[in-house]
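Asks: Structure file input31.cif (mmCIF, C-alpha atoms and all ligand atoms) is given on the next line.
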```
data_input
#
loop_
_atom_site.label_atom_id
_atom_site.label_comp_id
_atom_site.auth_asym_id
_atom_site.auth_seq_id
_atom_site.Cartn_x
_atom_site.Cartn_y
_atom_site.Cartn_z
CA LEU A 1 40.91 63.77 11.17
CA GLU A 2 39.86 60.13 10.91
CA ILE A 3 43.36 59.21 9.87
CA HIS A 4 44.79 61.02 12.91
CA LEU A 5 42.17 59.49 15.21
CA ASP A 6 43.03 56.01 13.97
CA GLY A 7 46.34 56.52 15.77
CA LEU A 8 44.52 57.11 19.09
CA THR A 9 43.34 53.53 19.19
CA GLY A 10 46.78 52.70 20.48
CA VAL A 11 47.57 50.58 17.46
CA VAL A 12 50.68 51.74 15.67
CA PRO A 13 49.44 52.18 12.11
CA SER A 14 51.08 49.79 9.69
CA ARG A 15 50.06 51.81 6.68
CA PRO A 16 52.58 54.03 4.88
CA PHE A 17 52.07 57.78 5.25
CA THR A 18 54.85 59.06 3.03
CA PHE A 19 55.46 58.40 -0.63
CA ALA A 20 58.99 57.18 0.12
CA GLU A 21 57.65 54.51 2.45
CA LEU A 22 54.88 53.57 0.03
CA GLU A 23 57.40 53.19 -2.78
CA ARG A 24 59.85 51.20 -0.67
CA ARG A 25 57.19 48.71 0.34
CA ALA A 26 55.78 48.40 -3.19
CA ALA A 27 59.27 47.66 -4.50
CA GLU A 28 59.55 44.82 -1.99
CA THR A 29 56.12 43.47 -2.85
CA LEU A 30 56.00 43.46 -6.66
CA PRO A 31 57.85 40.94 -8.83
CA PRO A 32 61.00 42.63 -10.25
CA TRP A 33 59.76 42.66 -13.86
CA VAL A 34 56.48 44.33 -12.82
CA TRP A 35 58.33 46.76 -10.57
CA SER A 36 60.61 47.85 -13.42
CA TYR A 37 57.55 48.43 -15.61
CA VAL A 38 55.73 50.57 -13.06
CA ALA A 39 58.56 52.48 -11.45
CA GLY A 40 60.77 52.95 -14.50
CA GLY A 41 60.96 55.79 -16.98
CA ALA A 42 62.70 56.89 -20.14
CA GLY A 43 66.47 57.01 -20.49
CA ASP A 44 68.37 57.68 -17.27
CA GLU A 45 65.06 58.89 -15.80
CA HIS A 46 66.23 62.48 -15.56
CA THR A 47 62.83 63.84 -16.61
CA GLN A 48 61.05 61.50 -14.23
CA GLU A 49 63.17 62.77 -11.35
CA ALA A 50 62.81 66.37 -12.51
CA ASN A 51 59.01 65.96 -12.46
CA THR A 52 59.02 65.40 -8.70
CA ALA A 53 61.85 67.83 -7.95
CA ALA A 54 59.99 70.64 -9.77
CA PHE A 55 57.54 70.99 -6.91
CA ARG A 56 60.34 72.15 -4.58
CA ARG A 57 60.73 75.30 -6.63
CA TRP A 58 57.49 76.61 -5.17
CA GLY A 59 56.62 77.56 -1.61
CA LEU A 60 53.08 78.23 -0.41
CA TYR A 61 52.56 81.42 1.56
CA PRO A 62 50.73 80.88 4.86
CA ARG A 63 47.92 83.43 5.28
CA MET A 64 46.58 84.36 8.71
CA PHE A 65 43.24 85.61 10.11
CA VAL A 66 41.45 83.64 7.44
CA GLY A 67 39.50 81.24 9.63
CA ALA A 68 39.51 78.46 7.08
CA ARG A 69 37.43 76.21 9.31
CA GLU A 70 35.57 74.72 6.32
CA ARG A 71 37.32 74.02 3.04
CA ASP A 72 35.52 73.83 -0.26
CA THR A 73 37.39 71.46 -2.56
CA ALA A 74 34.58 70.73 -5.04
CA VAL A 75 35.42 71.34 -8.65
CA ASP A 76 33.67 71.51 -12.03
CA LEU A 77 35.33 69.57 -14.81
CA CYS A 78 33.62 69.46 -18.20
CA GLY A 79 30.21 69.83 -16.64
CA LEU A 80 30.88 67.27 -13.91
CA ARG A 81 30.78 68.31 -10.30
CA LEU A 82 33.57 66.44 -8.49
CA PRO A 83 33.96 66.44 -4.69
CA SER A 84 37.68 67.06 -5.02
CA PRO A 85 40.14 67.92 -7.79
CA LEU A 86 41.96 64.58 -7.44
CA MET A 87 41.85 61.95 -10.21
CA MET A 88 43.51 58.62 -10.96
CA ALA A 89 45.60 58.74 -14.14
CA PRO A 90 45.21 55.91 -16.64
CA VAL A 91 47.61 53.05 -15.96
CA GLY A 92 47.80 50.14 -18.39
CA VAL A 93 48.21 46.54 -17.26
CA VAL A 94 47.47 47.66 -13.71
CA GLY A 95 46.12 44.21 -12.91
CA LEU A 96 49.70 42.96 -12.66
CA CYS A 97 49.97 45.01 -9.47
CA SER A 98 47.06 43.28 -7.78
CA GLN A 99 46.97 39.87 -6.14
CA ASP A 100 44.10 38.55 -8.27
CA GLY A 101 44.90 40.20 -11.61
CA HIS A 102 41.78 42.39 -11.40
CA GLY A 103 43.49 45.63 -10.50
CA ASP A 104 41.27 47.57 -12.90
CA LEU A 105 38.20 46.46 -10.95
CA ALA A 106 39.88 47.20 -7.61
CA THR A 107 40.80 50.70 -8.82
CA ALA A 108 37.22 51.26 -9.96
CA GLU A 109 36.00 50.17 -6.54
CA ALA A 110 38.35 52.68 -4.90
CA ALA A 111 36.90 55.36 -7.20
CA ALA A 112 33.41 54.45 -6.00
CA ARG A 113 34.48 54.60 -2.36
CA THR A 114 36.34 57.92 -2.54
CA GLY A 115 34.62 59.94 -5.26
CA VAL A 116 38.00 60.20 -7.00
CA PRO A 117 37.43 59.48 -10.71
CA MET A 118 39.37 56.74 -12.44
CA ILE A 119 40.57 57.26 -15.97
CA ALA A 120 40.46 53.69 -17.24
CA SER A 121 43.25 52.73 -19.65
CA THR A 122 42.63 51.13 -23.03
CA LEU A 123 45.27 48.60 -21.98
CA SER A 124 43.25 46.95 -19.25
CA GLN A 125 42.97 43.41 -17.99
CA ASP A 126 39.25 43.74 -17.40
CA PRO A 127 36.85 44.88 -20.13
CA MET A 128 35.75 48.49 -19.79
CA GLU A 129 32.11 47.49 -19.25
CA GLU A 130 33.06 45.56 -16.09
CA VAL A 131 35.26 48.41 -14.89
CA ALA A 132 32.52 51.00 -15.39
CA ALA A 133 30.02 48.81 -13.56
CA ARG A 134 32.10 49.30 -10.38
CA PHE A 135 32.18 53.10 -10.42
CA GLY A 136 29.11 53.59 -8.25
CA ASP A 137 28.17 57.27 -8.24
CA THR A 138 31.67 58.43 -9.18
CA PRO A 139 32.05 59.47 -12.82
CA GLY A 140 34.74 57.68 -14.80
CA PHE A 141 36.71 58.47 -17.92
CA PHE A 142 37.88 56.16 -20.69
CA GLN A 143 41.43 56.68 -21.95
CA LEU A 144 41.85 55.95 -25.63
CA TYR A 145 45.04 54.81 -27.29
CA THR A 146 43.81 55.47 -30.80
CA PRO A 147 44.26 52.41 -33.03
CA THR A 148 45.24 52.84 -36.66
CA ASP A 149 42.04 50.93 -37.49
CA ARG A 150 39.44 53.70 -37.37
CA GLU A 151 36.50 51.34 -37.08
CA LEU A 152 38.10 49.78 -34.03
CA ALA A 153 38.67 53.23 -32.52
CA GLU A 154 35.03 54.10 -33.13
CA SER A 155 33.92 50.84 -31.58
CA LEU A 156 35.98 51.44 -28.42
CA VAL A 157 34.52 54.92 -28.01
CA ARG A 158 30.98 53.71 -28.70
CA ARG A 159 31.39 51.02 -26.05
CA ALA A 160 32.71 53.58 -23.55
CA GLU A 161 29.61 55.72 -24.17
CA THR A 162 27.29 52.74 -23.73
CA ALA A 163 29.13 51.64 -20.58
CA GLY A 164 28.45 55.04 -19.03
CA PHE A 165 31.85 56.73 -19.07
CA ALA A 166 31.58 60.49 -18.58
CA GLY A 167 34.41 61.51 -20.92
CA ILE A 168 37.10 60.34 -23.31
CA VAL A 169 40.79 61.05 -22.69
CA VAL A 170 42.89 60.62 -25.84
CA THR A 171 46.55 60.04 -25.06
CA LEU A 172 48.79 61.61 -27.68
CA ASP A 173 52.29 60.90 -26.39
CA THR A 174 52.44 57.10 -26.54
CA TRP A 175 51.78 55.75 -30.01
CA VAL A 176 55.18 54.08 -29.64
CA THR A 177 56.85 53.08 -26.38
CA GLY A 178 59.78 55.26 -25.32
CA TRP A 179 63.35 54.08 -24.62
CA ARG A 180 62.95 52.49 -21.21
CA PRO A 181 66.14 50.80 -20.00
CA ARG A 182 64.49 49.06 -17.05
CA ASP A 183 61.95 47.41 -19.35
CA LEU A 184 64.71 46.45 -21.76
CA ALA A 185 66.78 44.95 -18.95
CA THR A 186 63.93 42.76 -17.70
CA ALA A 187 62.59 42.07 -21.21
CA ASN A 188 59.10 42.45 -19.78
CA MET A 189 57.32 43.79 -22.89
CA PRO A 190 56.27 40.40 -24.30
CA MET A 191 54.79 39.50 -20.91
CA LEU A 192 53.00 42.83 -20.63
CA ARG A 193 51.49 42.39 -24.10
CA GLY A 194 49.89 39.17 -23.05
CA HIS A 195 48.00 40.87 -20.24
CA CYS A 196 46.54 44.07 -21.64
CA LEU A 197 44.13 42.95 -24.31
CA ALA A 198 40.75 42.66 -22.57
CA ASN A 199 39.28 45.71 -24.29
CA TYR A 200 40.37 44.36 -27.65
CA THR A 201 39.43 40.72 -27.26
CA SER A 202 35.97 41.79 -26.06
CA ASP A 203 35.48 44.16 -28.99
CA PRO A 204 33.21 43.12 -31.87
CA VAL A 205 35.30 44.94 -34.50
CA PHE A 206 38.52 43.39 -33.20
CA GLN A 207 36.88 39.97 -33.08
CA ALA A 208 35.67 40.35 -36.64
CA ARG A 209 39.21 41.15 -37.78
CA VAL A 210 41.05 38.23 -36.13
CA GLY A 211 38.27 35.68 -35.87
CA ALA A 212 36.54 34.69 -32.68
CA ASP A 213 38.74 31.69 -31.86
CA ALA A 214 42.08 33.01 -33.12
CA PRO A 215 45.18 31.66 -31.37
CA ARG A 216 46.79 33.97 -28.82
CA ASP A 217 49.78 34.72 -31.06
CA THR A 218 47.47 35.88 -33.85
CA VAL A 219 45.55 38.10 -31.43
CA VAL A 220 48.72 39.70 -30.07
CA ALA A 221 50.18 40.15 -33.56
CA HIS A 222 47.02 41.83 -34.84
CA TRP A 223 46.86 44.07 -31.77
CA ALA A 224 50.51 45.09 -32.20
CA GLY A 225 49.75 45.92 -35.83
CA VAL A 226 46.93 48.34 -35.05
CA PHE A 227 48.02 49.77 -31.68
CA GLY A 228 50.23 52.74 -32.46
CA ASN A 229 48.74 55.63 -34.37
CA PRO A 230 51.02 58.67 -34.81
CA LEU A 231 48.12 61.11 -34.98
CA THR A 232 48.40 64.50 -36.67
CA TRP A 233 46.28 67.64 -36.42
CA ASP A 234 44.40 66.36 -39.48
CA ASP A 235 43.00 63.58 -37.26
CA LEU A 236 41.56 65.94 -34.65
CA PRO A 237 38.25 66.67 -36.47
CA TRP A 238 37.69 62.91 -36.79
CA LEU A 239 38.51 62.36 -33.08
CA ARG A 240 36.14 65.17 -32.16
CA SER A 241 33.41 63.65 -34.34
CA LEU A 242 33.65 60.32 -32.49
CA THR A 243 31.68 61.44 -29.47
CA ASP A 244 29.56 64.12 -27.88
CA LEU A 245 31.13 63.26 -24.53
CA PRO A 246 33.78 65.63 -23.20
CA LEU A 247 37.02 65.07 -25.12
CA ILE A 248 40.29 65.59 -23.26
CA VAL A 249 43.70 65.43 -24.94
CA LYS A 250 46.52 64.04 -22.76
CA GLY A 251 50.20 64.79 -23.18
CA VAL A 252 49.95 68.45 -24.16
CA CYS A 253 52.92 70.45 -22.81
CA HIS A 254 53.24 73.36 -25.25
CA PRO A 255 50.87 76.36 -25.18
CA ASP A 256 50.64 76.41 -28.99
CA ASP A 257 49.42 72.81 -28.97
CA ALA A 258 46.88 73.71 -26.29
CA ARG A 259 45.55 76.59 -28.40
CA ARG A 260 45.31 74.45 -31.50
CA ALA A 261 43.54 71.68 -29.59
CA ALA A 262 41.10 74.25 -28.20
CA ASP A 263 40.43 75.50 -31.73
CA GLY A 264 39.77 71.88 -32.70
CA GLY A 265 36.96 71.70 -30.18
CA VAL A 266 38.39 69.66 -27.32
CA ASP A 267 36.84 70.20 -23.90
CA ALA A 268 39.92 70.07 -21.68
CA ILE A 269 43.71 69.93 -21.90
CA TYR A 270 45.67 67.31 -19.97
CA VAL A 271 49.23 68.46 -19.21
CA SER A 272 51.44 65.42 -18.73
CA ASN A 273 54.75 63.97 -19.83
CA HIS A 274 53.53 60.47 -19.00
CA GLY A 275 55.38 60.52 -15.70
CA GLY A 276 58.70 60.76 -17.54
CA ARG A 277 58.15 57.35 -19.11
CA GLN A 278 58.16 58.39 -22.75
CA ALA A 279 60.83 61.00 -23.47
CA ASN A 280 63.90 61.81 -21.45
CA GLY A 281 65.65 65.17 -21.59
CA GLY A 282 62.35 66.97 -21.31
CA ILE A 283 60.85 69.73 -19.25
CA PRO A 284 59.30 68.89 -15.88
CA ALA A 285 55.55 68.74 -16.48
CA LEU A 286 54.92 71.23 -13.68
CA GLU A 287 57.05 73.81 -15.51
CA CYS A 288 54.78 73.46 -18.55
CA LEU A 289 51.58 73.88 -16.57
CA PRO A 290 51.31 77.71 -16.12
CA ASP A 291 51.83 78.54 -19.82
CA VAL A 292 49.43 75.86 -20.99
CA ALA A 293 46.83 76.92 -18.42
CA ALA A 294 47.14 80.53 -19.58
CA ALA A 295 46.92 79.62 -23.26
CA THR A 296 43.19 78.81 -23.33
CA ASP A 297 40.05 79.12 -21.23
CA LEU A 298 39.68 75.36 -21.08
CA PRO A 299 39.99 73.38 -17.86
CA VAL A 300 43.38 71.73 -17.35
CA VAL A 301 44.09 68.31 -15.88
CA PHE A 302 47.65 67.85 -14.66
CA ASP A 303 49.82 64.84 -13.85
CA SER A 304 53.45 63.74 -13.67
CA GLY A 305 55.32 63.85 -10.39
CA VAL A 306 52.53 64.49 -7.87
CA ARG A 307 53.56 62.61 -4.74
CA SER A 308 51.72 64.39 -1.93
CA GLY A 309 48.72 66.53 -1.11
CA THR A 310 51.11 69.47 -0.97
CA ASP A 311 52.20 68.82 -4.55
CA ALA A 312 48.55 68.72 -5.61
CA VAL A 313 47.87 72.09 -3.96
CA LYS A 314 50.84 73.66 -5.75
CA ALA A 315 49.67 72.32 -9.12
CA LEU A 316 46.22 73.78 -8.47
CA ALA A 317 47.78 77.14 -7.64
CA LEU A 318 49.75 77.00 -10.90
CA GLY A 319 46.59 76.64 -12.97
CA ALA A 320 45.40 73.04 -12.84
CA THR A 321 41.66 72.44 -12.55
CA ALA A 322 42.23 68.83 -11.50
CA VAL A 323 45.33 66.88 -10.52
CA ALA A 324 45.94 63.20 -11.26
CA VAL A 325 48.34 60.69 -9.75
CA GLY A 326 49.73 57.58 -11.41
CA ARG A 327 52.32 55.59 -9.52
CA PRO A 328 51.15 56.53 -5.99
CA TYR A 329 47.78 54.77 -6.29
CA VAL A 330 49.34 51.84 -8.15
CA TYR A 331 51.68 51.28 -5.20
CA GLY A 332 48.67 51.37 -2.89
CA LEU A 333 47.03 48.75 -5.10
CA ALA A 334 50.14 46.56 -4.89
CA LEU A 335 50.17 46.74 -1.10
CA GLY A 336 46.49 46.49 -0.26
CA GLY A 337 44.21 46.11 -3.30
CA ALA A 338 41.21 48.46 -3.32
CA ASP A 339 41.81 49.26 0.38
CA GLY A 340 45.37 50.27 -0.45
CA VAL A 341 44.22 52.60 -3.24
CA VAL A 342 41.61 54.12 -0.92
CA HIS A 343 44.27 54.70 1.73
CA VAL A 344 46.59 56.48 -0.72
CA LEU A 345 43.80 58.67 -2.10
CA ARG A 346 42.44 59.57 1.34
CA SER A 347 45.93 60.43 2.54
CA LEU A 348 46.51 62.73 -0.44
CA LEU A 349 43.14 64.40 0.09
CA ALA A 350 43.66 64.75 3.84
CA GLU A 351 47.11 66.28 3.43
CA ALA A 352 45.86 68.76 0.84
CA ASP A 353 42.87 69.68 2.97
CA LEU A 354 44.96 70.17 6.11
CA LEU A 355 47.43 72.31 4.18
CA MET A 356 44.61 74.53 2.93
CA ALA A 357 43.34 74.81 6.53
CA VAL A 358 46.70 75.56 8.11
CA ASP A 359 47.82 77.97 5.40
CA GLY A 360 44.49 79.79 5.15
CA TYR A 361 43.08 78.86 1.74
CA PRO A 362 39.43 78.01 2.32
CA SER A 363 38.58 77.25 -1.30
CA LEU A 364 40.28 76.24 -4.51
CA GLY A 365 39.40 79.68 -5.86
CA ASP A 366 41.80 81.18 -3.30
CA LEU A 367 44.68 79.16 -4.71
CA GLY A 368 46.29 81.14 -7.51
CA PRO A 369 49.82 82.08 -8.51
CA ASP A 370 49.85 84.73 -5.78
CA ALA A 371 49.69 81.97 -3.19
CA LEU A 372 53.12 80.77 -4.31
CA ARG A 373 56.60 82.14 -4.02
CA ASP A 374 59.23 81.10 -6.55
CA LEU A 375 62.06 79.97 -4.29
CA ARG A 376 64.56 80.03 -7.13
CA ALA A 377 63.89 83.66 -8.07
C1 LIG B 401 51.12 54.98 -17.24
N1 LIG B 401 50.56 56.02 -17.96
C2 LIG B 401 49.60 55.76 -18.92
N2 LIG B 401 48.97 56.79 -19.56
C3 LIG B 401 48.00 56.55 -20.46
O1 LIG B 401 47.45 57.49 -21.02
N3 LIG B 401 47.61 55.25 -20.72
C4 LIG B 401 48.20 54.18 -20.13
O2 LIG B 401 47.83 53.03 -20.38
C5 LIG B 401 49.26 54.43 -19.23
N4 LIG B 401 49.92 53.39 -18.64
C6 LIG B 401 50.81 53.64 -17.61
C7 LIG B 401 51.37 52.58 -16.92
C8 LIG B 401 52.19 52.83 -15.82
C9 LIG B 401 52.76 51.68 -15.06
C10 LIG B 401 52.44 54.16 -15.42
C11 LIG B 401 53.28 54.45 -14.20
C12 LIG B 401 51.92 55.21 -16.13
C13 LIG B 401 50.88 57.41 -17.61
C14 LIG B 401 49.95 57.92 -16.52
O3 LIG B 401 48.65 58.10 -16.99
C15 LIG B 401 50.42 59.26 -15.95
O4 LIG B 401 50.61 60.17 -17.00
C16 LIG B 401 51.69 59.16 -15.12
O5 LIG B 401 51.74 57.98 -14.37
C17 LIG B 401 51.76 60.35 -14.19
O6 LIG B 401 52.95 60.39 -13.54
P1 LIG B 401 53.20 59.85 -12.05
O7 LIG B 401 52.05 60.29 -11.17
O8 LIG B 401 53.29 58.37 -12.15
O9 LIG B 401 54.49 60.52 -11.72
#
```
Show me the file's structure as structure tokens.

Replies:
Amino acid sequence: LEIHLDGLTGVVPSRPFTFAELERRAAETLPPWVWSYVAGGAGDEHTQEANTAAFRRWGLYPRMFVGARERDTAVDLCGLRLPSPLMMAPVGVVGLCSQDGHGDLATAEAAARTGVPMIASTLSQDPMEEVAARFGDTPGFFQLYTPTDRELAESLVRRAETAGFAGIVVTLDTWVTGWRPRDLATANMPMLRGHCLANYTSDPVFQARVGADAPRDTVVAHWAGVFGNPLTWDDLPWLRSLTDLPLIVKGVCHPDDARRAADGGVDAIYVSNHGGRQANGGIPALECLPDVAAATDLPVVFDSGVRSGTDAVKALALGATAVAVGRPYVYGLALGGADGVVHVLRSLLAEADLLMAVDGYPSLGDLGPDALRDLRA
């Protein structure tokens, strides 16, 4: 309502209200090499496109005589009560999309202002302690790219616990970077590497390995040597033993993997294909969601391709407990810092809420597969 009322002031709003407009303006704003990093995906980006197109398969039935005057969008995730099911997916090197280089802090501030949790990437430009200090009352999650150096991994998780993060998200699909033509064409990887090390350079174990005053090249080389860990199921008991915080595994798209992760004691499954950035020729993440959701009793976080409040509602109806966005909030950050992120998040929430009102779904519990019609069937 506030967003609608803003328009009554007579001022034509200059803010974008569609993803297409948001994307267009972000593309104009960001330097080309940053834009190719954020907007690009794997191969010819077929999977990335399929992620967004997959939502058109589903249509939401409008239900009448429901009187959905109040909507209840609160959700329980791993013992946390969240005001809405929306989350911000972890995005590495996000500071490049902000004017002052502190995009991680700006994103954390937006989390505090909206109640939408941030999942803070390992690859940040601000140390996790400073990020967590900006969360206010909103819980935050720490995303772990598991280093091959186990002591370093343990140190990162220990620091996340001490800093007050409410859960650990272990990303499984990116121990090596996928084939990304846009990144290759702009040769941006060396530049990106120089910007994503704050969590490492502030880590006592990392410092002990490279020496406190090591030259930048030595730091980057050591980081590159320990970054990518092709984990196997044999590593899951160790990962589980790292923390008593909720443990969420990100990148799970097969129901068998979900079941095995559940048997290994994880607390939630995160269905994602990394926004189509890692593997091309895949299955749209949304298509994987129902089977994974049905495979276990665990809560399911979903991302990859969510571009609107309507998309979020469809993902919830297909079994997601919570829905995360990546690129949309990053574009908001590029255009308006923390205010821009807040605007994108509020717009997504408002659209989802209005859809639930108009279509007669007063609570998230009313949104199940029966609410959807398969338009391809
Ligand atoms: C990502 N993603 C990601 N995931 C992760 O676990 N750790 C990370 O550091 C990053 N870094 C990252 C950078 C950029 C620029 C993007 C766009 C994405 C993946 C992210 O968490 C999420 O899975 C996707 O962004 C979701 O897809 P959409 O919403 O961008 O389509």

Asks: Go through the chains and note each residue within 6 Å of ligand LIG 401 (chain B), using only C-alpha atoms and all ligand atoms, then give the set as a PDB file with C-alpha atoms, in the frame of the given file.

Replies:
```
ATOM      1  CA  TYR A  37      57.550  48.430 -15.610  1.00  0.00           C
ATOM      2  CA  VAL A  38      55.730  50.570 -13.060  1.00  0.00           C
ATOM      3  CA  ALA A  89      45.600  58.740 -14.140  1.00  0.00           C
ATOM      4  CA  PRO A  90      45.210  55.910 -16.640  1.00  0.00           C
ATOM      5  CA  VAL A  91      47.610  53.050 -15.960  1.00  0.00           C
ATOM      6  CA  GLY A  92      47.800  50.140 -18.390  1.00  0.00           C
ATOM      7  CA  SER A 121      43.250  52.730 -19.650  1.00  0.00           C
ATOM      8  CA  LEU A 123      45.270  48.600 -21.980  1.00  0.00           C
ATOM      9  CA  THR A 171      46.550  60.040 -25.060  1.00  0.00           C
ATOM     10  CA  SER A 272      51.440  65.420 -18.730  1.00  0.00           C
ATOM     11  CA  HIS A 274      53.530  60.470 -19.000  1.00  0.00           C
ATOM     12  CA  GLY A 275      55.380  60.520 -15.700  1.00  0.00           C
ATOM     13  CA  ASP A 303      49.820  64.840 -13.850  1.00  0.00           C
ATOM     14  CA  SER A 304      53.450  63.740 -13.670  1.00  0.00           C
ATOM     15  CA  GLY A 305      55.320  63.850 -10.390  1.00  0.00           C
ATOM     16  CA  VAL A 306      52.530  64.490  -7.870  1.00  0.00           C
ATOM     17  CA  VAL A 325      48.340  60.690  -9.750  1.00  0.00           C
ATOM     18  CA  GLY A 326      49.730  57.580 -11.410  1.00  0.00           C
ATOM     19  CA  ARG A 327      52.320  55.590  -9.520  1.00  0.00           C
TER      20      ARG A 327
END
```

Asks: Would you pick out the contacts of Leu316 (chain A) at 12 Å or less, using only C-alpha atoms, so that residues sharing its chain but fewer than 3 positions from it are not included, and give the list as a PyMOL selection string?

Replies: chain A and resi 55+60+73+75+84-86+286+289-290+293+299-303+306+309-313+319-324+352+356+361+363-372

Asks: Of the residues A:Val170, A:Ala214, A:Ala54, A:Val116, which is the one nearest to Val344 (chain A), using all atoms listed in the file?

Replies: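 Result for the nearest residue to Val344 (chain A): A:Val116.
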
Asks: Name the residues in contact with Asn199 (chain A) at a cut-off of 12 Å, using all atoms listed in the file, excluding same-chain residues fewer than 6 positions from it; report them as a ChimeraX atom specification.

Replies: /A:92-93,104,120-131,142-145,152-153,155-157,159-160,205-207,223

Asks: Closest to Leu239 (chain A) among A:Arg25, A:Lys314, A:His222, A:Arg150, using all atoms listed in the file?

Replies: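 Nearest candidate to Leu239 (chain A) out of A:Arg25, A:Lys314, A:His222, A:Arg150: A:Arg150.
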
Asks: Which one is closest to Phe65 (chain A): A:Pro362, A:Met191, A:Gly79, A:Ala377? Count only C-alpha atoms.

Replies: A:Pro362

Asks: Could you check the closest approach to Leu349 (chain A) for each of A:Met64, A:Arg307, A:Gly140, A:Gly95 and tell me which residue wins, using all atoms listed in the file?

Replies: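 Once distances to Leu349 (chain A) are computed over all atoms listed in the file, the minimum belongs to A:Arg307.
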
Asks: Which residue, A:His46, A:Arg259, A:Arg69, A:Arg376, has the smallest gap to Leu355 (chain A) when you use all atoms listed in the file?

Replies: A:Arg69

Asks: Could you check which of A:Leu105, A:Ala163, A:Met87, A:Val226 is closest to Val210 (chain A), using all atoms listed in the file?

Replies: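 Closest to Val210 (chain A), using all atoms listed in the file: A:Val226.
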
Asks: Within 9 Å of (60.3, 62.1, -23.4), all atoms listed in the file: residues as a ChimeraX atom specification?

Replies: /A:42-43,47,173,178-179,273-274,276-283

Asks: Mind pulling up the distance from CA of Ile168 (chain A) to CA of Ile119 (chain A)?

Replies: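 Calculated distance between CA of Ile119 (chain A) and CA of Ile168 (chain A) is 8.7 Å.
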
Asks: Within 10 Å of region 228-234 of chain A, counting all atoms listed in the file, which residues show up once you throw out same-chain ones fewer than 4 positions away? Write them as a list in words, please.

Replies: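 Using all atoms listed in the file, the neighbours found are Tyr145, Thr146, Pro147, Thr148, Asp149, Arg150, Leu172, Asp173, Thr174, Trp175, Val176, Thr177, Trp223, Ala224, Trp238, Leu239, Asp257, Arg260, Ala261 and Gly264 of chain A.
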
Asks: Using CA of Gly103 (chain A) and CA of Pro117 (chain A) as the two end points, give the distance in Å to one decimal.

Replies: 15.1 Å

Asks: At what distance in Å, to one decimal, does CA of Met118 (chain A) lie from CA of Val252 (chain A)?

Replies: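 Taking CA of Val252 (chain A) as the start and CA of Met118 (chain A) as the end point, the length is 19.7 Å.
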
Asks: Would you kindly return, as a list of chain:residue names, each protein, DNA or RNA residue with an atom no farther than 12 Å from any atom of Pro32 (chain A), considering only C-alpha atoms and excluding same-chain residues fewer than 4 positions away?

Replies: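 That gives A:Ala26, A:Ala27, A:Glu28, A:Ser36, A:Tyr37, A:Val38, A:Ala39, A:Gly40, A:Leu96, A:Cys97, A:Arg182, A:Asp183, A:Ala185, A:Thr186, A:Ala187, A:Asn188.
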